[in-house]
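File shown: data.cif (mmCIF, C-alpha atoms).
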```
data_target
#
loop_
_atom_site.label_atom_id
_atom_site.label_comp_id
_atom_site.auth_asym_id
_atom_site.auth_seq_id
_atom_site.Cartn_x
_atom_site.Cartn_y
_atom_site.Cartn_z
CA MET A 2 0.00 0.00 0.00
CA SER A 3 1.51 3.21 -1.15
CA SER A 4 -0.34 5.80 0.90
CA LEU A 5 -1.84 6.33 4.34
CA SER A 6 -5.28 6.93 2.81
CA GLN A 7 -5.14 3.53 1.11
CA PHE A 8 -4.03 1.95 4.39
CA ARG A 9 -6.89 3.64 6.29
CA SER A 10 -9.42 2.37 3.76
CA PHE A 11 -7.97 -1.11 4.09
CA THR A 12 -8.02 -1.23 7.88
CA GLN A 13 -11.60 0.01 8.03
CA ARG A 14 -12.62 -3.22 6.33
CA LEU A 15 -10.91 -5.45 8.89
CA PRO A 16 -13.27 -7.95 10.55
CA GLN A 17 -13.76 -7.94 14.30
CA THR A 18 -13.15 -11.41 15.76
CA ASP A 19 -12.50 -13.00 19.13
CA LEU A 20 -9.05 -14.07 17.93
CA MET A 21 -6.52 -11.30 18.12
CA PRO A 22 -4.61 -10.69 14.91
CA THR A 23 -0.87 -11.03 14.93
CA LEU A 24 1.67 -8.75 13.28
CA PHE A 25 5.14 -8.55 11.86
CA ILE A 26 6.29 -4.94 11.87
CA GLY A 27 9.33 -3.57 10.11
CA HIS A 28 10.50 -1.12 12.74
CA GLY A 29 13.40 0.51 10.90
CA SER A 30 15.22 3.48 12.41
CA PRO A 31 14.79 4.24 16.12
CA MET A 32 13.83 7.76 15.01
CA ASN A 33 10.46 6.35 13.95
CA GLY A 34 9.72 6.28 17.67
CA ILE A 35 9.48 10.07 17.87
CA GLU A 36 8.79 11.08 14.28
CA ASN A 37 5.35 11.60 12.76
CA ASN A 38 5.95 9.93 9.41
CA GLU A 39 4.29 7.47 7.05
CA PHE A 40 5.42 4.48 9.09
CA SER A 41 4.45 5.74 12.54
CA GLN A 42 1.13 7.02 11.18
CA SER A 43 0.27 3.58 9.81
CA TRP A 44 1.08 1.97 13.18
CA ALA A 45 -1.28 4.38 14.90
CA GLU A 46 -4.00 3.84 12.30
CA LEU A 47 -3.71 0.06 12.51
CA ALA A 48 -4.19 0.11 16.29
CA LYS A 49 -7.48 1.98 15.83
CA ASN A 50 -8.82 -0.69 13.52
CA ILE A 51 -7.99 -3.93 15.29
CA PRO A 52 -9.49 -5.11 18.58
CA LEU A 53 -8.06 -3.49 21.68
CA PRO A 54 -5.64 -6.02 23.18
CA LYS A 55 -5.55 -7.00 26.83
CA ALA A 56 -1.75 -7.09 26.55
CA VAL A 57 0.97 -6.86 23.92
CA LEU A 58 3.81 -9.37 23.60
CA VAL A 59 6.67 -8.35 21.31
CA VAL A 60 9.36 -10.58 19.86
CA SER A 61 12.01 -7.94 19.19
CA ALA A 62 15.14 -8.31 17.09
CA HIS A 63 17.00 -6.41 19.79
CA TRP A 64 16.63 -8.95 22.59
CA TYR A 65 18.92 -11.70 21.31
CA THR A 66 19.83 -14.07 24.12
CA HIS A 67 21.30 -17.42 25.11
CA GLY A 68 18.08 -19.08 26.22
CA THR A 69 14.51 -17.84 25.92
CA PHE A 70 13.10 -15.32 28.37
CA VAL A 71 9.96 -13.27 28.91
CA THR A 72 9.90 -9.97 30.78
CA ALA A 73 8.09 -10.46 34.08
CA MET A 74 8.42 -7.14 35.89
CA ASP A 75 5.50 -4.89 36.82
CA PHE A 76 7.03 -1.79 35.27
CA PRO A 77 9.53 -2.43 32.45
CA SER A 78 12.04 0.33 31.76
CA THR A 79 12.41 2.09 28.41
CA ILE A 80 15.72 0.94 26.94
CA HIS A 81 17.66 3.29 24.67
CA ASP A 82 19.78 0.66 22.97
CA PHE A 83 21.35 2.79 20.23
CA GLY A 84 23.84 5.58 19.75
CA GLY A 85 24.42 8.65 17.64
CA PHE A 86 20.86 9.95 17.64
CA PRO A 87 19.41 13.27 18.85
CA GLN A 88 18.92 13.78 22.58
CA ALA A 89 15.15 13.89 22.06
CA LEU A 90 15.22 10.18 21.24
CA PHE A 91 17.12 9.37 24.43
CA ASP A 92 14.66 11.47 26.41
CA ALA A 93 11.67 9.52 25.09
CA GLN A 94 9.97 7.23 27.60
CA TYR A 95 7.20 4.68 27.23
CA PRO A 96 5.94 3.89 30.75
CA ALA A 97 3.61 1.01 29.91
CA PRO A 98 3.08 -1.53 32.69
CA GLY A 99 4.16 -5.12 32.46
CA ASP A 100 2.04 -8.13 33.40
CA ALA A 101 3.80 -10.53 35.74
CA GLU A 102 0.79 -12.86 35.88
CA LEU A 103 0.67 -13.23 32.10
CA ALA A 104 4.44 -13.69 31.96
CA ALA A 105 4.19 -16.54 34.47
CA GLU A 106 1.66 -18.33 32.23
CA ILE A 107 3.81 -18.31 29.10
CA PRO A 108 6.40 -20.94 30.18
CA GLY A 109 3.54 -23.37 30.70
CA LEU A 110 2.47 -23.01 27.07
CA VAL A 111 5.88 -23.87 25.64
CA HIS A 112 7.17 -27.42 25.79
CA SER A 113 9.91 -27.29 23.16
CA THR A 114 12.21 -25.15 25.31
CA HIS A 115 12.53 -23.65 28.77
CA ILE A 116 11.38 -20.05 29.15
CA GLY A 117 12.84 -18.06 32.01
CA LEU A 118 11.22 -15.10 33.75
CA ASP A 119 13.32 -11.95 33.34
CA HIS A 120 13.27 -8.95 35.69
CA ASP A 121 16.14 -6.94 34.20
CA TRP A 122 15.57 -6.20 30.51
CA GLY A 123 12.61 -3.89 29.83
CA LEU A 124 11.33 -2.57 26.48
CA ASP A 125 13.99 -2.07 23.82
CA HIS A 126 13.61 0.10 20.75
CA GLY A 127 12.26 -2.78 18.67
CA THR A 128 9.25 -2.59 20.96
CA TRP A 129 8.64 0.87 22.34
CA THR A 130 9.30 2.85 19.16
CA VAL A 131 6.39 0.97 17.55
CA VAL A 132 3.97 0.40 20.43
CA LYS A 133 4.35 4.02 21.55
CA HIS A 134 2.49 5.08 18.39
CA MET A 135 -0.07 2.29 18.57
CA TYR A 136 -1.04 2.83 22.21
CA PRO A 137 0.26 6.29 23.16
CA GLU A 138 -1.50 6.36 26.53
CA ALA A 139 0.79 3.51 27.68
CA ASN A 140 -2.12 1.92 29.52
CA ILE A 141 -1.87 -1.59 28.01
CA PRO A 142 0.60 -4.08 29.50
CA VAL A 143 3.60 -4.76 27.27
CA LEU A 144 5.95 -7.75 27.52
CA GLN A 145 8.87 -8.98 25.45
CA LEU A 146 9.87 -12.50 24.47
CA SER A 147 13.55 -12.93 23.67
CA ILE A 148 15.07 -14.68 20.66
CA ASP A 149 17.45 -17.51 21.58
CA TYR A 150 20.40 -17.28 19.18
CA THR A 151 21.23 -20.97 19.72
CA LYS A 152 17.90 -22.06 18.23
CA SER A 153 17.21 -22.76 14.57
CA PRO A 154 14.45 -21.01 12.61
CA GLU A 155 12.49 -24.27 12.87
CA ASN A 156 12.76 -24.09 16.66
CA HIS A 157 11.46 -20.52 16.69
CA TYR A 158 8.57 -21.47 14.42
CA GLU A 159 7.63 -24.23 16.88
CA ILE A 160 7.77 -21.86 19.87
CA ALA A 161 5.43 -19.52 18.02
CA LYS A 162 2.93 -22.32 17.44
CA GLU A 163 3.03 -23.16 21.15
CA ILE A 164 2.13 -19.61 22.22
CA TYR A 165 -0.80 -19.48 19.79
CA ALA A 166 -3.21 -19.71 22.74
CA LEU A 167 -2.25 -16.15 23.68
CA ARG A 168 -4.15 -14.89 20.64
CA LYS A 169 -7.31 -16.44 22.14
CA LYS A 170 -6.65 -14.57 25.40
CA GLY A 171 -6.68 -11.15 23.78
CA VAL A 172 -2.91 -10.80 23.55
CA LEU A 173 -1.51 -9.01 20.51
CA VAL A 174 1.72 -10.76 19.55
CA ILE A 175 4.05 -8.68 17.40
CA GLY A 176 7.25 -9.73 15.67
CA SER A 177 9.42 -6.63 15.31
CA GLY A 178 12.39 -6.59 12.95
CA ASN A 179 12.91 -6.08 9.22
CA MET A 180 12.58 -8.66 6.43
CA VAL A 181 15.51 -7.14 4.57
CA HIS A 182 18.12 -5.69 6.92
CA ASN A 183 21.71 -5.13 5.85
CA LEU A 184 23.13 -2.08 7.61
CA ARG A 185 26.59 -2.58 6.15
CA MET A 186 25.22 -1.84 2.67
CA ILE A 187 23.00 1.09 3.56
CA SER A 188 22.83 3.91 1.01
CA TRP A 189 22.35 7.40 2.41
CA GLU A 190 21.30 8.55 -1.05
CA MET A 191 18.26 6.28 -0.74
CA ILE A 192 17.61 6.87 2.96
CA ASN A 193 14.15 8.35 2.27
CA GLY A 194 13.14 5.60 -0.10
CA GLY A 195 14.51 3.13 -2.59
CA GLY A 196 16.16 -0.25 -2.58
CA TYR A 197 18.88 -2.11 -4.39
CA ASP A 198 17.63 -4.60 -6.98
CA TRP A 199 18.45 -7.56 -4.72
CA ALA A 200 16.57 -5.98 -1.81
CA ASN A 201 13.46 -5.35 -3.90
CA GLU A 202 13.63 -8.83 -5.41
CA MET A 203 13.90 -10.51 -2.00
CA ASN A 204 11.13 -8.34 -0.60
CA TYR A 205 8.89 -9.50 -3.45
CA LYS A 206 9.96 -13.13 -2.93
CA PHE A 207 9.26 -13.00 0.80
CA LYS A 208 5.82 -11.46 0.22
CA SER A 209 4.92 -14.05 -2.40
CA LEU A 210 5.83 -16.94 -0.11
CA ILE A 211 3.95 -15.38 2.82
CA ALA A 212 0.85 -14.70 0.72
CA ASN A 213 0.87 -18.30 -0.55
CA GLY A 214 1.26 -19.71 2.96
CA ASP A 215 4.50 -21.38 1.87
CA HIS A 216 6.41 -21.18 5.12
CA LYS A 217 9.01 -23.90 4.58
CA PRO A 218 11.24 -21.86 2.23
CA LEU A 219 10.94 -18.90 4.59
CA ILE A 220 12.06 -21.06 7.51
CA ASN A 221 14.90 -22.47 5.40
CA TYR A 222 15.80 -19.04 4.03
CA ARG A 223 19.47 -19.92 3.65
CA ASN A 224 18.45 -22.04 0.65
CA LEU A 225 16.93 -19.07 -1.18
CA GLY A 226 20.22 -18.03 -2.75
CA SER A 227 22.81 -15.29 -2.56
CA ASP A 228 20.29 -12.44 -2.58
CA ALA A 229 18.74 -13.89 0.58
CA MET A 230 22.14 -13.84 2.23
CA LEU A 231 22.47 -10.16 1.34
CA ALA A 232 18.99 -9.51 2.73
CA ILE A 233 19.63 -11.53 5.90
CA PRO A 234 23.35 -11.32 6.71
CA THR A 235 22.46 -12.00 10.36
CA PRO A 236 19.16 -13.55 11.46
CA GLU A 237 18.01 -11.43 14.41
CA HIS A 238 15.86 -8.99 12.39
CA TYR A 239 14.37 -11.77 10.27
CA LEU A 240 13.44 -14.27 12.99
CA PRO A 241 10.57 -12.15 14.40
CA LEU A 242 8.84 -12.79 11.05
CA ILE A 243 9.14 -16.54 11.69
CA TYR A 244 7.21 -16.03 14.95
CA THR A 245 4.42 -14.21 13.16
CA LEU A 246 4.18 -16.97 10.56
CA GLY A 247 4.12 -19.65 13.25
CA LEU A 248 1.20 -17.89 14.93
CA LYS A 249 -0.89 -17.96 11.75
CA ASN A 250 -3.84 -20.28 11.20
CA GLU A 251 -3.72 -22.16 7.90
CA ASN A 252 -6.78 -20.39 6.52
CA GLU A 253 -6.13 -16.89 7.83
CA GLU A 254 -5.62 -14.08 5.37
CA VAL A 255 -2.47 -12.00 5.31
CA SER A 256 -2.07 -8.41 4.19
CA PHE A 257 0.94 -6.15 3.77
CA PHE A 258 1.52 -2.55 4.77
CA ASN A 259 4.44 -0.10 4.94
CA ASP A 260 5.68 -1.99 1.90
CA LYS A 261 8.67 0.20 1.15
CA ALA A 262 12.44 -0.10 0.84
CA VAL A 263 14.59 2.56 2.53
CA GLY A 264 18.30 3.15 2.58
CA GLY A 265 18.83 0.72 -0.27
CA SER A 266 19.27 -2.32 1.94
CA LEU A 267 16.29 -2.29 4.36
CA THR A 268 12.58 -2.87 3.87
CA MET A 269 9.82 -1.66 6.16
CA THR A 270 7.39 -4.24 4.77
CA SER A 271 5.00 -5.40 7.47
CA VAL A 272 2.42 -8.16 7.74
CA LEU A 273 -1.04 -8.33 9.27
CA VAL A 274 -2.39 -11.82 9.97
CA GLY A 275 -6.10 -12.17 10.71
#
```
I'd like the structure from this file rewritten - as structure tokens, please.
Amino acid sequence: MSSLSQFRSFTQRLPQTDLMPTLFIGHGSPMNGIENNEFSQSWAELAKNIPLPKAVLVVSAHWYTHGTFVTAMDFPSTIHDFGGFPQALFDAQYPAPGDAELAAEIPGLVHSTHIGLDHDWGLDHGTWTVVKHMYPEANIPVLQLSIDYTKSPENHYEIAKEIYALRKKGVLVIGSGNMVHNLRMISWEMINGGGYDWANEMNYKFKSLIANGDHKPLINYRNLGSDAMLAIPTPEHYLPLIYTLGLKNENEEVSFFNDKAVGGSLTMTSVLVG
């Protein structure tokens, strides 16, 4: 979708169901957390047109751990895990509460791995820069689930399937990363829009596989060729997408928004399931 007006028209047609949708959001630059731009506006508009969640659980690219953990504190801190940005970004806070009771339930849903309760992390910029626009009053509990770097994409897909029950409990589960994310090849000439041919081609390939419900090649992305390795030089920004796919019902529809390449080597392309 190329414009906010098109996105608004789309979201107004979304059905209201008892099953919370699930999202993959391309979060891009931390500056999106304080800027009023096409990406942050679409996040805000989307939140108005899906059911109000009882809680939000984010699988963020920026909590990459040995082992799997869920934040379990009552009041998670706002983490400014970046450098070189304006002071206004470091001053930004998102004082949403946590939900220790919900956090304590999640390990019981997952049998493929142990999930520890974390009281130290908080909300990193993969979470708060997005959710801050969706729920600006910070009155909905927000938790994070970490990504275990020792696990394979297949393992992460299985964990996602095991936490599917959260969608029935009114929890909005968001994978936050970027499908195409290669900071080493970023082009400042294209920072406001535009992608290298390989980035655009992989973005199209990813979307086609997602739309067709063909998850196996997405899980085994290393077999998609050299362009995939340029798009995913390291897996942490891609794996949140695997969680969103694992949370999808076989017959659920998927839609795309913020479908744009920036900086040559990143895409903001995002997915709505349900």
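Selection by the PyMOL selection byres ((chain A and resi 79) around 10) on the present file picks out Phe76, Pro77, Ser78, Ile80, His81, Asp82, Phe91, Asp92, Ala93, Gln94, Tyr95, Pro96, Ala97, Trp122, Gly123, Leu124, Asp125, His126, Thr128, Trp129 and Thr130 of chain A.
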| message | Rounded to one decimal, what separation in Å do you get between CA of His216 in chain A and CA of Gly247 in chain A? | response | 8.6 Å
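Considering the residues A:Pro241, A:Pro142, A:Gly226, A:Gly84 and counting all atoms listed in the file, Ala161 in chain A has its shortest atom-to-atom contact with A:Pro241.
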| said: I want to know what sits within 10 Å of Arg168 in chain A, based on all atoms listed in the file, with residues of the same chain fewer than 5 positions away left out; could you give that as a ChimeraX atom specification? | reply: /A:19-23,54,173-174,248-249
| Do you have the CA of Gly196 in chain A-CA of Pro236 in chain A distance handy? |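 Between these atoms lies a distance of 19.6 Å.
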| task | List every protein, DNA or RNA residue that has an atom no more than 8 Å from (3.6, -9.6, 15.9) in the file's coordinate frame, counting all atoms listed in the file, and report them as a count of residues only. | result | 16
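Rounded to one decimal, CA of Glu163 in chain A and CA of Leu146 in chain A lie 13.1 Å from each other.
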| From the set A:Ile187, A:Val172, A:Leu225, A:Glu138, which residue has the shortest atom-to-atom contact distance to Pro52 in chain A, counting all atoms listed in the file? |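 Smallest separation from Pro52 in chain A among the options: A:Val172.
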